[in-house]
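Quick notes on the structure that follows.
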Amino acid sequence: MFGYVRPSIRDLPEEELDRFRAMYCGLCHTLSRRYGQAARFILNYDFTYLAILLSDGTAGAQGAGRCYTSPIKKRPFLEPTAAMELAADESVILAYWQLRDGVEDHAWASGLKYRAGARLLESAYKRAAALRPEFDQAVRRQLQLLSALEQAKDPSMDKAADSFAVLLSSAAEELTDPVRKRIMEQLLYHLGRWIYLIDGADDLKKDAESGNYNPVALRYGLTDGTWTPESRRDFATTLDHSIHQMAAAFELWDFGVWTPVLQSTFYGGLFQVGKAVLDGSFHRPSRKNIREIEETE
Amino acid sequence: MNDPYEVLGVPRTATDEEIKKAYRNLARKYHPDNYHDSPLADLAQEKMKDINAAYEQITKERSGRGDSPAGGYRQNAYGGYGGQSYSGGDSVFQQVRYAIQLGDLGRAEALLTNYSNHNAEWNFLKGVVCARRGWMDEAKRYYETACQMDPGNLEYQRALDYMENGPRQAYTPGGTTFGTELCGSNLCLPMCCLWSLCSGSVPICCYC
C-alpha cells in the first residue's frame, strides 16, 4: 500500500533533496530510538511525508550518524522532534495493522512474511498504541470497514477509498490549531484516497489473476487487468481531482522549509507516479534495482 | 492589519509591475474557481480578502488617490453553490443548498435522504455533497443522472463538465500543466526512482 508518494526530483534543487533525505534518515533514527533497530524496516517515503506534514516548518537541528545502510560514511539526519515522534508512532501503528491485514489475506505459507513482520513489530506496536490510543482505534475501525467492503465485494470505488482516506486523515487528530487541523485533515483525506486508488490501479493485473478484491477493477468492469481508453481517462481524472484538492489545501497553510518539497510533490511527483502506474512502468525502488544500476554504471 | 507588502510577498522596493504580478498570481491561487468543490473554500475566501485589501492599500498609497486597483479580481465570484443565481424551486432543496454553503454536509445529506422524489435537482445536489466529501467518482455519476433528467440545465452541465474533464484550469505555480495524463515525456521526466536514501553510492538514479 505504501511507497507511492514522492517529489518530482527533476524540479527540486539539490539542497531540497538533501532536506528530504535528512527527514527520511531522521525518521529512521526516531523509529530506532523509540522502538529499537527492528522497527526501522517499516520506513518508507509516505511515512516521511507524514513527518513533514506534521512538522512545524522550521529547519530543525541536524545530526550526522552511521547506520546499517551507511556503515562508513556519516549521513546527516534531522534530530527527532515532537512531530517526528508522532509520525514515528503513527507509522508503527499503520505498518503493524497493514501486516496483520496481510496475514489475514494470505494462506498460511504465503502469509509467512507478514506474520514474521507483525511478530517483529508486536512490542513496538503495543507501545505505540498505548501512546496514541485514538489513532490506533481509528486505524482498527477503518480497516475493519475496509475488510467488510472486501468481503461484500462492494463495487463503490469511492466508498472503499473513503475508509483508507479517513484512516489517514485521522493522523491529524492531535493537532491543536483548529484551522491547521481542518487543512491537514482535508489534505490527508485526499492523499489517502489517492494512495488507495493508485494502489488498486497498480494491482490490477495481479488481482485479475488471483481474483482478489479490487474496487478499481470492479468500478470499470476490467476483468483482465488492462485499461480501456475511456476507463483510463476517467480514472486519471478522478485522481486529478484528489491531487487538486490536496494542492488547494496545501496552499492554505505555511509549511515553511518544506514548501518546495511539498510543492514539487503536489504539482509534479504525484502526476508522474500516476502516469507511470497507468502505463505499467512504475516500480518501487528496491535493493535489487539499485544494485543493478550500480552494476551497469 | 498585516503589512500589505508581506501579504503579497514582495519587498517594499518592488515596482508597480512586480506588485501587480504578485497580486495576480495570488489571486489566481485563491480564486473561488480553484476552491469551488473544496470544504476549505471559506479559508481561501479569507485569503482572497487579505490579498485584495493589501493590493488596494498599496495602490492607494502609491497613487495617492482613493481608486480601487485596476485589473483587480472581484469578491462577488465567491458564494458557492448556495448563494447565487438560484431562485424558486423546492424549499427542501433550498435548505440543502444552504446547508452545503454552511459546510454542514451531514444536514444536507439527511435532508436529501428523507426526500423521496429523486428528480434532476436531487441528483445534482447529491453530487455536490459527494464532491465536497471527496467522493469524486460518485459525484460524477449523480451529475450524469441530473443531466440526463434535465438536459437543458446549465448548472448541472457545468458541474458534470468539470467532473469529467478534471481540474485542467487549476492553479499551478509557474503555470505548468495540471493532470496525470498531461504528464507527457516532454513535460515531465520519465518516472525516476528517487534514490536509495541511505545506501551511499547512488544518491539519485534513473531506471526508466
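Simple scheme: letters A, B, ... for chains in C-alpha cells order, numbers from 1 for residues in each chain, numbers from 1 for ligands in the order shown.
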Pick out each residue of segment 39-213 of chain A that DSSP on the backbone tags as strand (DSSP E or B); I need them as number ranges by chain. A: 62-67, 70-78
Just the helix (DSSP H, G or I) stuff from segment 141-193 of chain B, please, per backbone DSSP, written as a PyMOL selection string. chain B and resi 141-149+154-165+173-175
So that I have them on file, write out the residues from the current selection with C-alpha atoms, as a PDB file, in the first residue's frame.
ATOM      1  CA  ARG B 141     -22.400   9.728 -11.543  1.00  0.00           C
ATOM      2  CA  TYR B 142     -25.051  11.844  -9.815  1.00  0.00           C
ATOM      3  CA  TYR B 143     -24.278  14.761 -12.131  1.00  0.00           C
ATOM      4  CA  GLU B 144     -24.690  12.420 -15.121  1.00  0.00           C
ATOM      5  CA  THR B 145     -28.118  11.387 -13.903  1.00  0.00           C
ATOM      6  CA  ALA B 146     -29.105  15.009 -13.254  1.00  0.00           C
ATOM      7  CA  CYS B 147     -28.059  15.967 -16.793  1.00  0.00           C
ATOM      8  CA  GLN B 148     -29.948  13.046 -18.311  1.00  0.00           C
ATOM      9  CA  MET B 149     -33.118  14.058 -16.458  1.00  0.00           C
ATOM     10  CA  LEU B 154     -26.588  24.751 -17.396  1.00  0.00           C
ATOM     11  CA  GLU B 155     -25.742  24.453 -13.708  1.00  0.00           C
ATOM     12  CA  TYR B 156     -25.834  20.660 -13.862  1.00  0.00           C
ATOM     13  CA  GLN B 157     -23.969  20.596 -17.161  1.00  0.00           C
ATOM     14  CA  ARG B 158     -21.181  22.804 -15.814  1.00  0.00           C
ATOM     15  CA  ALA B 159     -20.767  20.565 -12.781  1.00  0.00           C
ATOM     16  CA  LEU B 160     -20.622  17.467 -14.967  1.00  0.00           C
ATOM     17  CA  ASP B 161     -18.138  19.016 -17.403  1.00  0.00           C
ATOM     18  CA  TYR B 162     -15.827  19.873 -14.540  1.00  0.00           C
ATOM     19  CA  MET B 163     -16.027  16.373 -13.069  1.00  0.00           C
ATOM     20  CA  GLU B 164     -15.479  14.740 -16.470  1.00  0.00           C
ATOM     21  CA  ASN B 165     -12.683  16.934 -17.723  1.00  0.00           C
ATOM     22  CA  PRO B 173       2.979  27.591  -9.720  1.00  0.00           C
ATOM     23  CA  GLY B 174       4.616  28.897 -12.868  1.00  0.00           C
ATOM     24  CA  GLY B 175       1.604  27.986 -14.986  1.00  0.00           C
TER      25      GLY B 175
END
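The interatomic distance for the pair atom CA of Trp194 of chain A and atom CA of Ser242 of chain A works out to 6.4 Å.
Distance annotation: of A:Gly102, A:Gly111, A:Pro7, A:Pro80, the residue with the minimal separation from Phe271 of chain A is A:Pro7; atom set is only C-alpha atoms.
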Using only C-alpha atoms, can you tell me which of B:Pro4, B:Gly152, B:Gly179, B:Pro167 comes closest to Gln57 of chain B?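 For Gln57 of chain B, the nearest of the given residues is B:Pro4.
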Which neighbours of Ala124 of chain A fall inside 12 Å, counting only C-alpha atoms, when residues of the same chain fewer than 6 positions from it are skipped, and could you give them as a tab-separated table (two decimals) with all heavy atoms, in the first residue's frame?
chain	number	residue	atom	x	y	z
A	31	LEU	N	12.57	6.22	14.80
A	31	LEU	CA	11.99	4.88	14.95
A	31	LEU	C	12.91	3.99	15.77
A	31	LEU	O	12.47	3.28	16.68
A	31	LEU	CB	11.77	4.25	13.57
A	31	LEU	CG	10.53	4.70	12.80
A	31	LEU	CD1	10.62	4.28	11.33
A	31	LEU	CD2	9.27	4.13	13.44
A	32	SER	N	14.19	4.06	15.44
A	32	SER	CA	15.14	3.19	16.12
A	32	SER	C	15.28	3.57	17.60
A	32	SER	O	15.33	2.70	18.47
A	32	SER	CB	16.47	3.27	15.37
A	32	SER	OG	17.53	3.15	16.25
A	33	ARG	N	15.32	4.87	17.90
A	33	ARG	CA	15.45	5.28	19.30
A	33	ARG	C	14.22	4.91	20.12
A	33	ARG	O	14.31	4.54	21.27
A	33	ARG	CB	15.65	6.79	19.39
A	33	ARG	CG	17.06	7.19	19.03
A	33	ARG	CD	17.27	8.67	19.28
A	33	ARG	NE	18.37	9.14	18.45
A	33	ARG	CZ	18.71	10.42	18.34
A	33	ARG	NH1	18.04	11.33	19.01
A	33	ARG	NH2	19.71	10.78	17.57
A	34	ARG	N	13.07	5.01	19.51
A	34	ARG	CA	11.84	4.74	20.27
A	34	ARG	C	11.49	3.26	20.30
A	34	ARG	O	10.90	2.79	21.27
A	34	ARG	CB	10.66	5.51	19.66
A	34	ARG	CG	10.62	6.96	20.06
A	34	ARG	CD	9.63	7.72	19.23
A	34	ARG	NE	8.31	7.86	19.84
A	34	ARG	CZ	8.03	8.67	20.84
A	34	ARG	NH1	8.99	9.36	21.40
A	34	ARG	NH2	6.80	8.77	21.30
A	35	TYR	N	11.81	2.58	19.21
A	35	TYR	CA	11.29	1.20	19.10
A	35	TYR	C	12.34	0.14	18.81
A	35	TYR	O	12.00	-1.01	18.57
A	35	TYR	CB	10.22	1.17	18.01
A	35	TYR	CG	9.02	2.02	18.35
A	35	TYR	CD1	8.79	3.23	17.69
A	35	TYR	CD2	8.16	1.65	19.37
A	35	TYR	CE1	7.71	4.03	18.03
A	35	TYR	CE2	7.09	2.44	19.72
A	35	TYR	CZ	6.87	3.63	19.05
A	35	TYR	OH	5.81	4.42	19.40
A	36	GLY	N	13.61	0.54	18.80
A	36	GLY	CA	14.66	-0.44	18.55
A	36	GLY	C	14.94	-0.61	17.06
A	36	GLY	O	14.14	-0.19	16.20
A	37	GLN	N	16.07	-1.23	16.78
A	37	GLN	CA	16.53	-1.36	15.40
A	37	GLN	C	15.50	-2.02	14.47
A	37	GLN	O	15.36	-1.64	13.31
A	37	GLN	CB	17.82	-2.22	15.36
A	37	GLN	CG	19.02	-1.54	15.97
A	37	GLN	CD	19.55	-0.41	15.10
A	37	GLN	OE1	19.20	-0.31	13.93
A	37	GLN	NE2	20.36	0.46	15.68
A	38	ALA	N	14.77	-3.00	15.00
A	38	ALA	CA	13.88	-3.78	14.14
A	38	ALA	C	12.78	-2.92	13.51
A	38	ALA	O	12.30	-3.22	12.43
A	38	ALA	CB	13.26	-4.92	14.94
A	39	ALA	N	12.42	-1.83	14.20
A	39	ALA	CA	11.32	-1.00	13.70
A	39	ALA	C	11.71	-0.24	12.44
A	39	ALA	O	10.85	0.28	11.73
A	39	ALA	CB	10.86	-0.02	14.78
A	40	ARG	N	13.02	-0.18	12.16
A	40	ARG	CA	13.47	0.61	11.00
A	40	ARG	C	12.98	0.04	9.68
A	40	ARG	O	12.90	0.77	8.69
A	40	ARG	CB	14.99	0.65	10.96
A	40	ARG	CG	15.55	1.52	12.04
A	40	ARG	CD	17.04	1.63	11.91
A	40	ARG	NE	17.50	2.90	12.45
A	40	ARG	CZ	18.76	3.21	12.65
A	40	ARG	NH1	19.70	2.36	12.33
A	40	ARG	NH2	19.08	4.38	13.13
A	42	ILE	N	10.20	-0.67	8.64
A	42	ILE	CA	8.90	-0.17	8.14
A	42	ILE	C	9.03	1.15	7.39
A	42	ILE	O	8.10	1.60	6.76
A	42	ILE	CB	7.88	0.03	9.28
A	42	ILE	CG1	8.30	1.21	10.20
A	42	ILE	CG2	7.70	-1.23	10.10
A	42	ILE	CD1	7.18	1.69	11.09
A	88	ALA	N	6.41	8.84	13.81
A	88	ALA	CA	7.01	7.51	14.04
A	88	ALA	C	5.99	6.58	14.71
A	88	ALA	O	5.80	5.43	14.29
A	88	ALA	CB	8.27	7.63	14.88
A	89	ASP	N	5.31	7.09	15.74
A	89	ASP	CA	4.32	6.27	16.45
A	89	ASP	C	3.19	5.86	15.50
A	89	ASP	O	2.77	4.70	15.47
A	89	ASP	CB	3.72	7.05	17.63
A	89	ASP	CG	4.78	7.40	18.67
A	89	ASP	OD1	5.88	6.83	18.61
A	89	ASP	OD2	4.49	8.26	19.53
A	90	GLU	N	2.72	6.83	14.72
A	90	GLU	CA	1.61	6.53	13.80
A	90	GLU	C	2.07	5.56	12.70
A	90	GLU	O	1.31	4.69	12.29
A	90	GLU	CB	1.06	7.83	13.20
A	90	GLU	CG	0.36	8.68	14.26
A	90	GLU	CD	-0.25	9.97	13.75
A	90	GLU	OE1	0.18	10.49	12.71
A	90	GLU	OE2	-1.17	10.49	14.41
A	91	SER	N	3.32	5.70	12.28
A	91	SER	CA	3.85	4.80	11.25
A	91	SER	C	3.89	3.36	11.77
A	91	SER	O	3.56	2.42	11.05
A	91	SER	CB	5.26	5.22	10.84
A	91	SER	OG	5.26	6.52	10.32
A	92	VAL	N	4.32	3.20	13.03
A	92	VAL	CA	4.38	1.85	13.61
A	92	VAL	C	2.97	1.24	13.65
A	92	VAL	O	2.76	0.08	13.26
A	92	VAL	CB	5.00	1.90	15.04
A	92	VAL	CG1	4.75	0.59	15.78
A	92	VAL	CG2	6.49	2.18	14.95
A	93	ILE	N	2.00	2.04	14.07
A	93	ILE	CA	0.62	1.53	14.16
A	93	ILE	C	0.10	1.16	12.76
A	93	ILE	O	-0.47	0.07	12.57
A	93	ILE	CB	-0.30	2.60	14.82
A	93	ILE	CG1	0.10	2.77	16.29
A	93	ILE	CG2	-1.77	2.21	14.70
A	93	ILE	CD1	-0.52	3.97	16.98
A	94	LEU	N	0.32	2.03	11.79
A	94	LEU	CA	-0.12	1.76	10.43
A	94	LEU	C	0.55	0.51	9.86
A	94	LEU	O	-0.11	-0.36	9.29
A	94	LEU	CB	0.23	2.94	9.52
A	94	LEU	CG	-0.74	4.11	9.51
A	94	LEU	CD1	-0.13	5.29	8.77
A	94	LEU	CD2	-2.04	3.70	8.81
A	95	ALA	N	1.87	0.44	10.03
A	95	ALA	CA	2.62	-0.69	9.46
A	95	ALA	C	2.17	-2.00	10.11
A	95	ALA	O	2.01	-3.02	9.44
A	95	ALA	CB	4.11	-0.48	9.66
A	96	TYR	N	1.93	-1.95	11.41
A	96	TYR	CA	1.54	-3.16	12.11
A	96	TYR	C	0.20	-3.69	11.60
A	96	TYR	O	0.06	-4.86	11.27
A	96	TYR	CB	1.45	-2.89	13.62
A	96	TYR	CG	0.96	-4.09	14.41
A	96	TYR	CD1	1.81	-5.15	14.69
A	96	TYR	CD2	-0.37	-4.17	14.85
A	96	TYR	CE1	1.36	-6.26	15.39
A	96	TYR	CE2	-0.82	-5.27	15.56
A	96	TYR	CZ	0.05	-6.32	15.82
A	96	TYR	OH	-0.41	-7.42	16.51
A	117	GLY	N	6.76	-10.34	10.07
A	117	GLY	CA	6.87	-8.89	10.23
A	117	GLY	C	6.04	-8.41	11.39
A	117	GLY	O	6.49	-7.61	12.22
A	118	ALA	N	4.80	-8.90	11.47
A	118	ALA	CA	3.90	-8.48	12.54
A	118	ALA	C	4.47	-8.88	13.90
A	118	ALA	O	4.40	-8.12	14.86
A	118	ALA	CB	2.52	-9.09	12.34
A	130	ALA	N	-0.32	2.39	22.96
A	130	ALA	CA	-0.55	2.95	24.28
A	130	ALA	C	-0.33	4.46	24.26
A	130	ALA	O	-1.00	5.21	24.96
A	130	ALA	CB	0.37	2.28	25.30
A	131	LEU	N	0.62	4.91	23.43
A	131	LEU	CA	0.91	6.35	23.33
A	131	LEU	C	-0.14	7.11	22.53
A	131	LEU	O	-0.42	8.26	22.79
A	131	LEU	CB	2.28	6.56	22.68
A	131	LEU	CG	3.51	6.22	23.51
A	131	LEU	CD1	4.75	6.16	22.63
A	131	LEU	CD2	3.70	7.26	24.61
Please identify all polymer residues within 10 Å of segment 98-103 of chain B, counting only C-alpha atoms, omitting same-chain residues fewer than 2 positions from it, and present them as a ChimeraX atom specification. /B:38-42,79-83,92-96,105-109,111,125,128-129,132
Taking 5 positions as the minimum chain separation for residues in the same chain, which residues sit within 10 Å of Cys67 of chain A when counting only C-alpha atoms? Answer as a list in words.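 Here the qualifying residues turn out to be Cys25, Cys28, His29, Gln37, Ile72, Lys73, Lys74 and Arg75 of chain A; Cys198 and Ser199 of chain B.
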If you count only C-alpha atoms, which residues fall within 8 Å of Tyr30 of chain B, apart from same-chain ones fewer than 4 positions away, as an mmCIF file with all heavy atoms, in the first residue's frame?
data_model
loop_
_atom_site.group_PDB
_atom_site.id
_atom_site.type_symbol
_atom_site.label_atom_id
_atom_site.label_comp_id
_atom_site.auth_asym_id
_atom_site.auth_seq_id
_atom_site.Cartn_x
_atom_site.Cartn_y
_atom_site.Cartn_z
ATOM 1 N N LEU B 26 -1.311 35.429 -6.739
ATOM 2 C CA LEU B 26 -2.019 35.030 -5.518
ATOM 3 C C LEU B 26 -3.522 34.970 -5.755
ATOM 4 O O LEU B 26 -4.210 34.078 -5.250
ATOM 5 C CB LEU B 26 -1.711 36.004 -4.385
ATOM 6 C CG LEU B 26 -0.297 35.899 -3.809
ATOM 7 C CD1 LEU B 26 -0.020 37.061 -2.873
ATOM 8 C CD2 LEU B 26 -0.113 34.583 -3.074
ATOM 9 N N ASN B 34 -10.784 27.871 -7.979
ATOM 10 C CA ASN B 34 -9.824 26.865 -7.542
ATOM 11 C C ASN B 34 -10.303 26.122 -6.296
ATOM 12 O O ASN B 34 -9.701 25.154 -5.869
ATOM 13 C CB ASN B 34 -8.470 27.548 -7.276
ATOM 14 C CG ASN B 34 -7.303 26.635 -7.565
ATOM 15 O OD1 ASN B 34 -7.382 25.789 -8.453
ATOM 16 N ND2 ASN B 34 -6.225 26.786 -6.819
ATOM 17 N N TYR B 35 -11.393 26.599 -5.699
ATOM 18 C CA TYR B 35 -11.880 26.014 -4.430
ATOM 19 C C TYR B 35 -13.355 25.646 -4.463
ATOM 20 O O TYR B 35 -13.937 25.408 -3.427
ATOM 21 C CB TYR B 35 -11.623 27.006 -3.277
ATOM 22 C CG TYR B 35 -10.161 27.057 -2.890
ATOM 23 C CD1 TYR B 35 -9.268 27.896 -3.542
ATOM 24 C CD2 TYR B 35 -9.658 26.211 -1.900
ATOM 25 C CE1 TYR B 35 -7.923 27.918 -3.214
ATOM 26 C CE2 TYR B 35 -8.323 26.225 -1.565
ATOM 27 C CZ TYR B 35 -7.451 27.080 -2.229
ATOM 28 O OH TYR B 35 -6.130 27.083 -1.897
ATOM 29 N N ALA B 44 -10.006 29.996 1.829
ATOM 30 C CA ALA B 44 -9.481 30.634 0.617
ATOM 31 C C ALA B 44 -10.083 32.027 0.455
ATOM 32 O O ALA B 44 -9.415 32.973 0.061
ATOM 33 C CB ALA B 44 -9.767 29.770 -0.597
ATOM 34 N N GLN B 45 -11.359 32.123 0.809
ATOM 35 C CA GLN B 45 -12.055 33.406 0.708
ATOM 36 C C GLN B 45 -11.405 34.448 1.628
ATOM 37 O O GLN B 45 -11.227 35.602 1.245
ATOM 38 C CB GLN B 45 -13.524 33.207 1.077
ATOM 39 C CG GLN B 45 -14.384 34.404 0.783
ATOM 40 C CD GLN B 45 -15.856 34.135 1.041
ATOM 41 O OE1 GLN B 45 -16.224 33.062 1.519
ATOM 42 N NE2 GLN B 45 -16.699 35.089 0.742
ATOM 43 N N LYS B 47 -8.289 34.448 2.596
ATOM 44 C CA LYS B 47 -7.010 34.795 1.971
ATOM 45 C C LYS B 47 -7.233 35.834 0.876
ATOM 46 O O LYS B 47 -6.490 36.797 0.753
ATOM 47 C CB LYS B 47 -6.380 33.551 1.334
ATOM 48 C CG LYS B 47 -5.807 32.590 2.331
ATOM 49 C CD LYS B 47 -4.298 32.730 2.365
ATOM 50 C CE LYS B 47 -3.678 31.646 3.227
ATOM 51 N NZ LYS B 47 -2.337 32.051 3.670
ATOM 52 N N MET B 48 -8.255 35.574 0.083
ATOM 53 C CA MET B 48 -8.550 36.448 -1.040
ATOM 54 C C MET B 48 -8.868 37.866 -0.550
ATOM 55 O O MET B 48 -8.417 38.852 -1.128
ATOM 56 C CB MET B 48 -9.748 35.861 -1.799
ATOM 57 C CG MET B 48 -9.955 36.426 -3.149
ATOM 58 S SD MET B 48 -8.744 35.785 -4.307
ATOM 59 C CE MET B 48 -9.415 36.412 -5.818
#
Of the candidates B:Thr13, B:Asn114, B:Asn52, B:Gln169, which one gets nearest to chain A if we count only C-alpha atoms?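 Checking each of B:Thr13, B:Asn114, B:Asn52, B:Gln169 against chain A, counting only C-alpha atoms, the winner is B:Gln169.
Between atom CA of Leu17 of chain A and atom CA of Glu181 of chain B the separation is 25.5 Å.
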Spatial neighbours of segment 211-222 of chain A, max dist 6 Å, only C-alpha atoms, sep filter under 2 positions, as a ChimeraX atom specification: /A:150,155,157,200,207-209,224-225
For atom CA of Asp101 of chain A and atom CA of Arg115 of chain A, determine how far apart the two atoms are, in Å to one decimal place.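 We find that atom CA of Asp101 of chain A and atom CA of Arg115 of chain A lie 9.7 Å from each other.
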